[in-house]
Amino acid sequence: MNIAESLLYALKDHGAKEIFGIPGDFILPFFKVMEMSKILPFYTLSHEPAVGFAADAAGRENASLGVVAVTYGAGAFNVLNAATGAYAEKSPLVIISGGPGIREGQLKVLLHHQAKTLDSQLKIFSEITCDQAVLDDPKTAHKEIARVLRSCKENSRPVYIEIPRDLTFDECAEVVPASPSPVDPEAVAACADEIFSRLEKATSPTILAGVEIRRFNLEAKLSLLARKLGIPVATTFMARGLLLEDEDPLIGTYMGLAGYPRITDAVEQSDALLMLGVIFSDTNFGVSQARINLKSSILASDRKVYLGYHSYRKIPLESLIDALLDRAKQIEAPEIRKPCAPKNGLIADDSKIEPHDIAKAVNDLFDKHGKMKIASDVGDCLFTTLSIQTTSLTGPGYYAGMGYGVPAGMGLQATTGERPLILVGDGAFQMTGWELGNCRRYGWDPLVIVFNNCSWEMLRTFQPDTSFNDLDDWEFAEHAKIFGGDGYRVTTRAELKDALEIAYNTRGKFQLVEVMMDRKAISPALKRFTDAIKASN
Ligand code: TPW
Ligand code: MG
């Protein structure tokens, strides 16, 4: 087999389900192999940020590799921001870029798409990937691929693979998956003992679950551990959408000052807070890190565990949870009181719509027809998800890169075959919304709700006294037909309810519900968040 086939089989073997990409001359040979070999399905969109976001979302959804393939320079640099978001939010994204051929690299002329030197791209991507390989030696390429894909899975961070275009068809051995990085069982045991004795002594232990729990497929084990120990679990903002089974002892989403007091107290007043796979960021901690007592907390993240004044290294999260499960013999733990789901439906009258009404309308829709997976963009739509019943959610809750929602939703439908619900603001929709024009080719039919306040409203809440956040009214619904979908523009709650029902019942093409709202009409969660930020400043 050739290098491209060897890579494609290895990707499939490591759990990739498809590839998203945009061709260019440096990656044309690889695209040819993708098409002819049919080893993995592949989808093209219109702009590289979108294929990056779609691949990222597919990887998050599957807790496995998401793959994006682009051309050298102009293509790859367009993916850089999506890759950075994937790095920050620990998404296992494989970035494949075509590269200059070995022979043309020796010419004394500059190559098109070249930045500074031919390896500028590799250097730039090295900063936001956890491992890299340039497959410039067909004899060792299979080993390089194995190493890099192992890094991607073990760290759940992006990796970078460059294929010199004139080597794409060179003979290459089959990739044998690399054996897992070594773990020191004694260190794991010592760490688990220490954590366990802290939990046993505590009077109000709480577990805070972060995205790594999902990335490493540990939801069921964590749920069992928490139930055995009788410890309630909150998730971070980033990890909202985890632990959706009825039996899971989930009390809700922790948002610090911006969240519900019951959950904020359970986390901040805990005398043994066990943070598992958490990204220790300002957004996850709702601007109130300072209120968490780090000396009495335990943080397991990035294969390290921090307890008070010391730390353990090379502790994979799964090994740690397994070791804690071994120690958790107590099955008769007290039952954990779970909050009831919000149950106030939309009043479908002639009132103007506010973001909170969208949450209610979506909750009603889910009650009637069943839950959908959600892809959300940044902006008030993401805060609105806090008032929507917990369901599988992908959104850039930490890195906060705009433009994620629409392509991420398309990636979800590509990889699951299920129709997603996409939530997006008008500002973000201006960035990547038109990617919806690609749905028709693939038969995707996402249900899209655009929060149209003609504004970069979230920014206005931070700085109300300037006018550059005013946006024009682009009348998005008007354009939907031309792009292969249906559009509905709604201004009252009754219209919202009706449009959602019709959109839900129309399958086969994307449905765009453009919800018109006043500027300054923001969700309760965004209000609490900005109030908290103002208070902490
Ligand atoms: C790629 C900065 C954060 S929120 C926001 C901006 C510009 C406004 C979003 O407007 P939208 O939603 O989508 O209409 P809403 O609810 O606030 O009205 N560039 C990028 N990412 C970020 N986060 C920004 C700028 C930003
Ligand atoms: Mg807006």
# chains A, B, ... in the order shown; residues from 1 in each chain; ligands from 1
$ residues_around --residues "Leu412 (chain A)" --least-positions-apart "6" --cutoff "8 Å" --atoms "only C-alpha atoms" --output "list in words"
Ala54, Ala57, Ala58, Glu61, Ala375, Glu418 and Pro420 of chain A
$ write_last_selection --atoms "N, CA and C atoms" --output "PDB file, in the first residue's frame"
ATOM      1  N   ALA A  54     -15.937  21.352  11.722  1.00  0.00           N
ATOM      2  CA  ALA A  54     -16.753  20.142  11.522  1.00  0.00           C
ATOM      3  C   ALA A  54     -15.989  18.910  12.004  1.00  0.00           C
ATOM      4  N   ALA A  57     -15.844  18.854  15.803  1.00  0.00           N
ATOM      5  CA  ALA A  57     -17.114  18.437  16.425  1.00  0.00           C
ATOM      6  C   ALA A  57     -17.324  16.933  16.273  1.00  0.00           C
ATOM      7  N   ALA A  58     -16.956  16.392  15.113  1.00  0.00           N
ATOM      8  CA  ALA A  58     -17.126  14.947  14.907  1.00  0.00           C
ATOM      9  C   ALA A  58     -16.247  14.183  15.898  1.00  0.00           C
ATOM     10  N   GLU A  61     -17.810  14.396  19.363  1.00  0.00           N
ATOM     11  CA  GLU A  61     -19.025  13.573  19.461  1.00  0.00           C
ATOM     12  C   GLU A  61     -18.655  12.098  19.626  1.00  0.00           C
ATOM     13  N   ALA A 375     -25.377  21.783  18.679  1.00  0.00           N
ATOM     14  CA  ALA A 375     -24.095  22.450  18.431  1.00  0.00           C
ATOM     15  C   ALA A 375     -24.350  23.937  18.615  1.00  0.00           C
ATOM     16  N   GLU A 418     -27.589  11.758  12.634  1.00  0.00           N
ATOM     17  CA  GLU A 418     -28.750  12.339  13.313  1.00  0.00           C
ATOM     18  C   GLU A 418     -28.858  13.826  13.007  1.00  0.00           C
ATOM     19  N   PRO A 420     -29.097  17.511  13.909  1.00  0.00           N
ATOM     20  CA  PRO A 420     -28.768  18.292  15.107  1.00  0.00           C
ATOM     21  C   PRO A 420     -29.579  19.589  15.185  1.00  0.00           C
TER      22      PRO A 420
END
$ residues_around --residues "Gly241 (chain A)" --least-positions-apart "6" --cutoff "8 Å" --atoms "only C-alpha atoms" --output "ChimeraX atom specification"
/A:390-394
$ atom_distance --atom1 "CA of Ala16 (chain A)" --atom2 "CA of Ile449 (chain A)"
28.9 Å
$ closest_residue --among "A:His112, A:Lys123, A:Arg103, A:Lys509" --to "Asp136 (chain A)" --atoms "only C-alpha atoms"
A:Arg103
$ closest_residue --among "A:Leu423, A:Ala499, A:Cys130, A:Ile388" --to "Ala408 (chain A)" --atoms "only C-alpha atoms"
A:Leu423
$ residues_near_ligand --ligand "ligand 1" --cutoff "10 Å" --atoms "only C-alpha atoms and all ligand atoms" --output "MDAnalysis selection string"
chainID A and resid 81:82 355 377:384 396 398:405 423:431 450:462 469:471 517 519:523 526
$ atom_distance --atom1 "CA of Asn78 (chain A)" --atom2 "CA of Ile22 (chain A)"
10.6 Å
$ closest_atom_pairs --of "region 143-184 of chain A" --to "region 297-302 of chain A" --cutoff "10 Å" --atoms "only C-alpha atoms" --output "tab-separated table"
residue	atom	partner	partner_atom	distance
A:Glu154	CA	A:Asp302	CA	9.4
A:Asn155	CA	A:Asp302	CA	6.9
A:Ser156	CA	A:Asp302	CA	8.9
A:Arg157	CA	A:Asp302	CA	9.9
$ write_last_selection --atoms "N, CA, C and O atoms" --output "PDB file, in the first residue's frame"
ATOM      1  N   GLU A 154      -4.035   9.697  23.345  1.00  0.00           N
ATOM      2  CA  GLU A 154      -3.675   9.705  24.772  1.00  0.00           C
ATOM      3  C   GLU A 154      -3.811  11.086  25.395  1.00  0.00           C
ATOM      4  O   GLU A 154      -4.145  11.223  26.559  1.00  0.00           O
ATOM      5  N   ASN A 155      -3.513  12.118  24.607  1.00  0.00           N
ATOM      6  CA  ASN A 155      -3.581  13.478  25.151  1.00  0.00           C
ATOM      7  C   ASN A 155      -4.890  14.176  24.817  1.00  0.00           C
ATOM      8  O   ASN A 155      -5.182  15.234  25.343  1.00  0.00           O
ATOM      9  N   SER A 156      -5.637  13.594  23.883  1.00  0.00           N
ATOM     10  CA  SER A 156      -6.832  14.241  23.364  1.00  0.00           C
ATOM     11  C   SER A 156      -6.529  15.694  22.978  1.00  0.00           C
ATOM     12  O   SER A 156      -7.176  16.640  23.421  1.00  0.00           O
ATOM     13  N   ARG A 157      -5.520  15.821  22.157  1.00  0.00           N
ATOM     14  CA  ARG A 157      -5.133  17.143  21.620  1.00  0.00           C
ATOM     15  C   ARG A 157      -4.829  16.952  20.134  1.00  0.00           C
ATOM     16  O   ARG A 157      -4.507  15.844  19.697  1.00  0.00           O
TER      17      ARG A 157
END
$ atom_distance --atom1 "CA of Met255 (chain A)" --atom2 "CA of Asp271 (chain A)"
18.4 Å
$ residues_around --residues "Asp367 (chain A)" --least-positions-apart "4" --cutoff "10 Å" --atoms "only C-alpha atoms" --output "short mmCIF file (atom, residue, chain, number, x, y, z; two decimals) with N, CA and C atoms, in the first residue's frame"
data_model
loop_
_atom_site.label_atom_id
_atom_site.label_comp_id
_atom_site.auth_asym_id
_atom_site.auth_seq_id
_atom_site.Cartn_x
_atom_site.Cartn_y
_atom_site.Cartn_z
N LYS A 343 -39.62 23.26 34.28
CA LYS A 343 -40.87 22.83 33.66
C LYS A 343 -41.80 24.01 33.39
N GLY A 345 -43.15 26.06 30.37
CA GLY A 345 -43.13 26.10 28.91
C GLY A 345 -43.31 27.52 28.39
N ALA A 361 -38.97 27.35 24.32
CA ALA A 361 -39.54 26.76 23.10
C ALA A 361 -38.80 25.48 22.74
N VAL A 362 -37.47 25.48 22.92
CA VAL A 362 -36.70 24.27 22.61
C VAL A 362 -37.05 23.17 23.61
N ASN A 363 -37.20 23.54 24.88
CA ASN A 363 -37.60 22.53 25.88
C ASN A 363 -38.95 21.91 25.52
N LYS A 371 -35.25 14.67 22.58
CA LYS A 371 -34.10 15.59 22.58
C LYS A 371 -33.31 15.49 21.29
N GLN A 389 -32.84 21.86 28.57
CA GLN A 389 -32.61 20.55 29.20
C GLN A 389 -31.24 20.02 28.79
#
$ residues_around --residues "Ala414 (chain A)" --least-positions-apart "2" --cutoff "10 Å" --atoms "only C-alpha atoms" --output "JSON, numbers by chain"
{"A": [17, 18, 19, 20, 41, 42, 43, 54, 55, 58, 408, 409, 410, 411, 412, 416, 417, 418, 419, 439, 442, 443, 444]}
$ write_last_selection --atoms "N, CA and C atoms" --output "mmCIF file, in the first residue's frame"
data_model
loop_
_atom_site.group_PDB
_atom_site.id
_atom_site.type_symbol
_atom_site.label_atom_id
_atom_site.label_comp_id
_atom_site.auth_asym_id
_atom_site.auth_seq_id
_atom_site.Cartn_x
_atom_site.Cartn_y
_atom_site.Cartn_z
ATOM 1 N N LYS A 17 -14.107 8.366 11.694
ATOM 2 C CA LYS A 17 -15.247 7.877 10.909
ATOM 3 C C LYS A 17 -15.335 8.536 9.547
ATOM 4 N N GLU A 18 -14.716 9.693 9.393
ATOM 5 C CA GLU A 18 -14.772 10.412 8.126
ATOM 6 C C GLU A 18 -13.723 11.516 8.144
ATOM 7 N N ILE A 19 -13.572 12.156 6.973
ATOM 8 C CA ILE A 19 -12.604 13.248 6.853
ATOM 9 C C ILE A 19 -13.322 14.461 6.269
ATOM 10 N N PHE A 20 -12.993 15.641 6.770
ATOM 11 C CA PHE A 20 -13.510 16.879 6.198
ATOM 12 C C PHE A 20 -12.332 17.606 5.564
ATOM 13 N N PRO A 41 -15.251 7.920 4.294
ATOM 14 C CA PRO A 41 -15.996 8.927 3.537
ATOM 15 C C PRO A 41 -15.364 10.304 3.747
ATOM 16 N N PHE A 42 -15.475 11.173 2.767
ATOM 17 C CA PHE A 42 -14.981 12.521 3.026
ATOM 18 C C PHE A 42 -15.933 13.572 2.483
ATOM 19 N N TYR A 43 -15.918 14.722 3.151
ATOM 20 C CA TYR A 43 -16.841 15.807 2.843
ATOM 21 C C TYR A 43 -16.056 17.092 2.644
ATOM 22 N N ALA A 54 -15.937 21.352 11.722
ATOM 23 C CA ALA A 54 -16.753 20.142 11.522
ATOM 24 C C ALA A 54 -15.989 18.910 12.004
ATOM 25 N N ALA A 55 -14.703 18.839 11.674
ATOM 26 C CA ALA A 55 -13.895 17.681 12.084
ATOM 27 C C ALA A 55 -13.740 17.663 13.607
ATOM 28 N N ALA A 58 -16.956 16.392 15.113
ATOM 29 C CA ALA A 58 -17.126 14.947 14.907
ATOM 30 C C ALA A 58 -16.247 14.183 15.898
ATOM 31 N N ALA A 408 -19.956 22.998 12.996
ATOM 32 C CA ALA A 408 -19.900 21.912 13.987
ATOM 33 C C ALA A 408 -21.165 21.070 13.881
ATOM 34 N N GLY A 409 -22.314 21.729 13.740
ATOM 35 C CA GLY A 409 -23.569 20.983 13.606
ATOM 36 C C GLY A 409 -23.559 20.109 12.362
ATOM 37 N N MET A 410 -22.984 20.638 11.279
ATOM 38 C CA MET A 410 -22.914 19.843 10.053
ATOM 39 C C MET A 410 -22.001 18.637 10.258
ATOM 40 N N GLY A 411 -20.917 18.844 10.993
ATOM 41 C CA GLY A 411 -20.022 17.731 11.317
ATOM 42 C C GLY A 411 -20.742 16.673 12.148
ATOM 43 N N LEU A 412 -21.590 17.133 13.065
ATOM 44 C CA LEU A 412 -22.353 16.187 13.893
ATOM 45 C C LEU A 412 -23.271 15.335 13.037
ATOM 46 N N THR A 416 -22.922 11.313 12.821
ATOM 47 C CA THR A 416 -23.915 10.507 13.548
ATOM 48 C C THR A 416 -25.081 10.107 12.666
ATOM 49 N N GLY A 417 -25.303 10.852 11.577
ATOM 50 C CA GLY A 417 -26.496 10.609 10.776
ATOM 51 C C GLY A 417 -27.743 11.206 11.410
ATOM 52 N N GLU A 418 -27.589 11.758 12.634
ATOM 53 C CA GLU A 418 -28.750 12.339 13.313
ATOM 54 C C GLU A 418 -28.858 13.826 13.007
ATOM 55 N N ARG A 419 -30.079 14.309 12.971
ATOM 56 C CA ARG A 419 -30.296 15.727 12.721
ATOM 57 C C ARG A 419 -29.988 16.525 13.993
ATOM 58 N N CYS A 439 -25.303 21.691 2.638
ATOM 59 C CA CYS A 439 -26.147 20.612 3.196
ATOM 60 C C CYS A 439 -26.844 19.815 2.101
ATOM 61 N N TYR A 442 -25.208 16.786 0.570
ATOM 62 C CA TYR A 442 -25.011 15.604 1.415
ATOM 63 C C TYR A 442 -26.304 15.112 2.069
ATOM 64 N N GLY A 443 -27.392 15.825 1.813
ATOM 65 C CA GLY A 443 -28.665 15.413 2.409
ATOM 66 C C GLY A 443 -28.754 15.731 3.898
ATOM 67 N N TRP A 444 -27.979 16.682 4.376
ATOM 68 C CA TRP A 444 -28.065 17.060 5.796
ATOM 69 C C TRP A 444 -29.202 18.066 5.974
#
